[in-house]
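Here's the structure we're looking at; comments come further down.
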Amino acid sequence: MTREDIILAVKDIINTIAPDEDTSSLNEDERLRDQIELDSMDFLDIVMELRKRYGVQVPEEEYGELASLSSCAAYLAPKMQDKELKVGS
Amino acid sequence: MSHYDTILIGAGMSGLAAGIRLAQFDQRVVVLERHYLWGGLNSFYKRGGRRFDVGLHALTNYASKGERGLPLTRMLRQLRIRHEELHLGKQRFSEIAFPDVRLRFTNEFELFESEVARAFPSQMDGFARLVRDVRDADAFTPDDTSLGARAVLATYFDEPLLIEALMLPMCYYGSARVDDIDWYQFVILFRSFFFEGFSRPAGGIQPMLELLRKRYLELGGELRLRCGVQAILSANGKVSGVRLDDGTELTADRVLSSAGYVETMRLAGREHEVRDAERGDISFTETIFVMDTEPGAHDHGAAVIFFNDAPDFRYRVPTGLIDTRSGVICSPNNYASEAPLPEGILRYTNLANFERWNALEGDAYEAAKREQTAAALAIATRYGMDPRPHEVFRDSFTPTTVRRFTGHDKGAVYGSPTKRLDGATTIEGLHLMGTDQGMLGVVGAILSGISMANRHALVTR
């Protein structure tokens, strides 16, 4: 998966767990929680969906790595480079 | 032998919600329920060709669709249920009623504020401080869970009647403590009543439960009804599974129990760890009247009336069968609704004594239900309409009914006076959810199941 694919994958997960939020105009470098309504329960869901869709494990102490789309891409790149993008599930 | 990732005890709101969360993320999960119906303390039953709700007086925590940061919105998002699926109808209004003062409230906080200002003009500085502090408090991670609301309210008000008027609905809605309610619970309830408000799902509790049950089953969760747990099994201080009433053993990595703290410890063979002060005994009687008229046609437009027929409010197990001095009157007719209810319904709730009811049998028990309903109505009709001239059907339940169908000792609706917010027990892998984890009401119970499932069964450390 490319960097762009990873960002698409994360946005698609956010669309699933928070269907009322608009992810189309998210700034990649700004914290997600400052742009849309996401609480700690929602971040758990992002982690759980990453595991469910891509088999990626994110331990609780590393949830902070998912703060922005850029940090997601950097953190997830080594874990997701061999995975296929799945969207719309 | 079947092995589960997680076994959930009790198909109430918390068990079903926890089940949805876990099944959502592909856990092998089973909900075990001794009763033949699901719902627990918020269930329903059929009698005389009609379906009646138990537990649901009003759904607190009203939020409109997409309204941010509120418990209802968070609950819907976690369960992936759309707001529209609940078909919520807002209350007309509700009331707190004492002999010399009535305070009306709706889902618009300004009305309640103006009512308090009208009745207690000298207390408004304190009220403004209270409102600000309730808004800002971190109620979900309190420093001191034993702090009582009565003492805290005395730091805001010097008018005892206002303190009593605020204690009345909060205690009735969820306190397991004598004459008091935990301060952090008061904060949560105050917000859920006065900032957020009351609504009713169309059709009552049953369609809402059906939504949860269906979602859980669609996600691959297993629900076993008439399937009681006889014992929670553990080895070397770690939970290993459960033994069912029929002797079958199921193994699991972890068990989440909504049976109540004392009841769960008993199932786990650890009742000796329970202190007497941790045993709850607050219970209620309820009588439901079906009428050939709408309450609204008789100047009874309130969704809920919390009344207390004295200047001071006592919240404790009465010495007699029931305490007629205070109570709650509810009507599902008094909510906005796409289709009006076919009949008028009024429901009367009073504090009750489990031991006294439990000592009665057969005809004596039935006679007591009739006598106590008459005694309750003698007071309650000072605050709401008299349903008897319009009665087409009635049904009563008592603390013994609550115990029979929910398995809670003494029919203690609000469980143990000591809550365990982290859900912890002394057995590794055995956690509490529901009433004794300390979240109140239907939305609270669902959030309890969600948060305990998240914390103890989903987060990997």
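Chain labels run A, B, ... following the order of the structure tokens; each chain numbers its residues from 1, and ligands are numbered from 1 in the order shown.
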Quick check: residues of chain B within 9 Å of chain A, only C-alpha atoms, returned as an NGL selection string. :B and (25-26 or 66 or 68-69 or 74 or 77-78 or 80 or 451 or 454 or 458-461)
Resulting file, chosen residues, N, CA and C atoms, as a PDB file, in the first residue's frame:
```
ATOM      1  N   PHE B  25     -16.244  -6.945  16.281  1.00  0.00           N
ATOM      2  CA  PHE B  25     -14.818  -7.128  16.016  1.00  0.00           C
ATOM      3  C   PHE B  25     -14.418  -8.605  16.094  1.00  0.00           C
ATOM      4  N   ASP B  26     -15.373  -9.437  15.665  1.00  0.00           N
ATOM      5  CA  ASP B  26     -15.100 -10.849  15.383  1.00  0.00           C
ATOM      6  C   ASP B  26     -14.735 -11.709  16.588  1.00  0.00           C
ATOM      7  N   GLY B  66     -27.032  13.769  15.407  1.00  0.00           N
ATOM      8  CA  GLY B  66     -25.735  14.372  15.154  1.00  0.00           C
ATOM      9  C   GLY B  66     -25.249  15.349  16.217  1.00  0.00           C
ATOM     10  N   ARG B  68     -23.368  16.833  19.023  1.00  0.00           N
ATOM     11  CA  ARG B  68     -22.037  16.328  19.333  1.00  0.00           C
ATOM     12  C   ARG B  68     -21.752  16.168  20.819  1.00  0.00           C
ATOM     13  N   GLY B  69     -20.910  15.203  21.093  1.00  0.00           N
ATOM     14  CA  GLY B  69     -20.338  15.050  22.430  1.00  0.00           C
ATOM     15  C   GLY B  69     -21.292  14.569  23.498  1.00  0.00           C
ATOM     16  N   ARG B  74     -22.789   9.251  21.380  1.00  0.00           N
ATOM     17  CA  ARG B  74     -21.653   8.341  21.528  1.00  0.00           C
ATOM     18  C   ARG B  74     -22.121   6.883  21.501  1.00  0.00           C
ATOM     19  N   ARG B  77     -23.067   5.832  17.950  1.00  0.00           N
ATOM     20  CA  ARG B  77     -21.899   5.666  17.104  1.00  0.00           C
ATOM     21  C   ARG B  77     -21.179   4.347  17.423  1.00  0.00           C
ATOM     22  N   GLN B  78     -21.030   4.073  18.704  1.00  0.00           N
ATOM     23  CA  GLN B  78     -20.330   2.843  19.095  1.00  0.00           C
ATOM     24  C   GLN B  78     -21.079   1.588  18.650  1.00  0.00           C
ATOM     25  N   ARG B  80     -23.135   1.603  16.046  1.00  0.00           N
ATOM     26  CA  ARG B  80     -23.442   1.785  14.622  1.00  0.00           C
ATOM     27  C   ARG B  80     -24.945   1.667  14.357  1.00  0.00           C
ATOM     28  N   SER B 451     -18.440   0.392  27.357  1.00  0.00           N
ATOM     29  CA  SER B 451     -17.137   0.787  27.901  1.00  0.00           C
ATOM     30  C   SER B 451     -16.428  -0.391  28.560  1.00  0.00           C
ATOM     31  N   ASN B 454     -15.056  -2.501  25.715  1.00  0.00           N
ATOM     32  CA  ASN B 454     -13.889  -1.826  25.139  1.00  0.00           C
ATOM     33  C   ASN B 454     -12.657  -2.022  26.013  1.00  0.00           C
ATOM     34  N   LEU B 458     -11.427  -5.535  24.423  1.00  0.00           N
ATOM     35  CA  LEU B 458     -10.958  -5.118  23.093  1.00  0.00           C
ATOM     36  C   LEU B 458      -9.566  -4.482  23.104  1.00  0.00           C
ATOM     37  N   VAL B 459      -9.318  -3.589  24.060  1.00  0.00           N
ATOM     38  CA  VAL B 459      -8.023  -2.905  24.079  1.00  0.00           C
ATOM     39  C   VAL B 459      -6.912  -3.925  24.328  1.00  0.00           C
ATOM     40  N   THR B 460      -5.903  -3.902  23.489  1.00  0.00           N
ATOM     41  CA  THR B 460      -4.756  -4.782  23.742  1.00  0.00           C
ATOM     42  C   THR B 460      -3.627  -3.957  24.344  1.00  0.00           C
ATOM     43  N   ARG B 461      -3.101  -4.472  25.421  1.00  0.00           N
ATOM     44  CA  ARG B 461      -2.048  -3.707  26.113  1.00  0.00           C
ATOM     45  C   ARG B 461      -0.694  -4.318  25.815  1.00  0.00           C
TER      46      ARG B 461
END
```
Residues near stretch 156-162 of chain B, anyone? I mean within 8 Å using only C-alpha atoms, not counting same-chain ones fewer than 3 positions away, as a VMD selection string. chain B and resid 120 123 126 to 127 129 to 130 152 to 153 165 to 166 311 to 312
Using the selection just defined, write its residues with C-alpha atoms as a PDB file, in the first residue's frame.
```pdb
ATOM      1  CA  PHE B 120     -36.728  30.023  44.828  1.00  0.00           C
ATOM      2  CA  GLN B 123     -31.275  30.709  45.556  1.00  0.00           C
ATOM      3  CA  GLY B 126     -26.237  29.075  44.112  1.00  0.00           C
ATOM      4  CA  PHE B 127     -28.197  27.575  41.249  1.00  0.00           C
ATOM      5  CA  ARG B 129     -22.896  27.978  40.459  1.00  0.00           C
ATOM      6  CA  LEU B 130     -24.373  24.486  40.618  1.00  0.00           C
ATOM      7  CA  VAL B 152     -22.611  18.959  48.273  1.00  0.00           C
ATOM      8  CA  LEU B 153     -25.964  20.658  47.574  1.00  0.00           C
ATOM      9  CA  ALA B 165     -36.708  18.989  45.226  1.00  0.00           C
ATOM     10  CA  LEU B 166     -33.446  18.228  43.409  1.00  0.00           C
ATOM     11  CA  PRO B 311     -41.544  19.124  52.842  1.00  0.00           C
ATOM     12  CA  ASP B 312     -38.771  16.600  53.451  1.00  0.00           C
TER      13      ASP B 312
END
```
Can you pull out every residue within 8 Å of B:Trp183, counting only C-alpha atoms, but drop anything in the same chain fewer than 3 positions away, and send it as a ChimeraX atom specification? /B:145-149,152,186-187
Using DSSP on the backbone coordinates, identify all residues within stretch 84-319 of chain B classified as strand (DSSP E or B); present the result as a ChimeraX atom specification. /B:88-91,94-98,101-105,148,182,199-201,222-224,229-235,238-244,249-257,283-291,304-308
Assign secondary structure with DSSP using the backbone only, and return the residues of stretch 233-279 of chain B in alpha helix (DSSP H) as a ChimeraX atom specification. /B:261-267
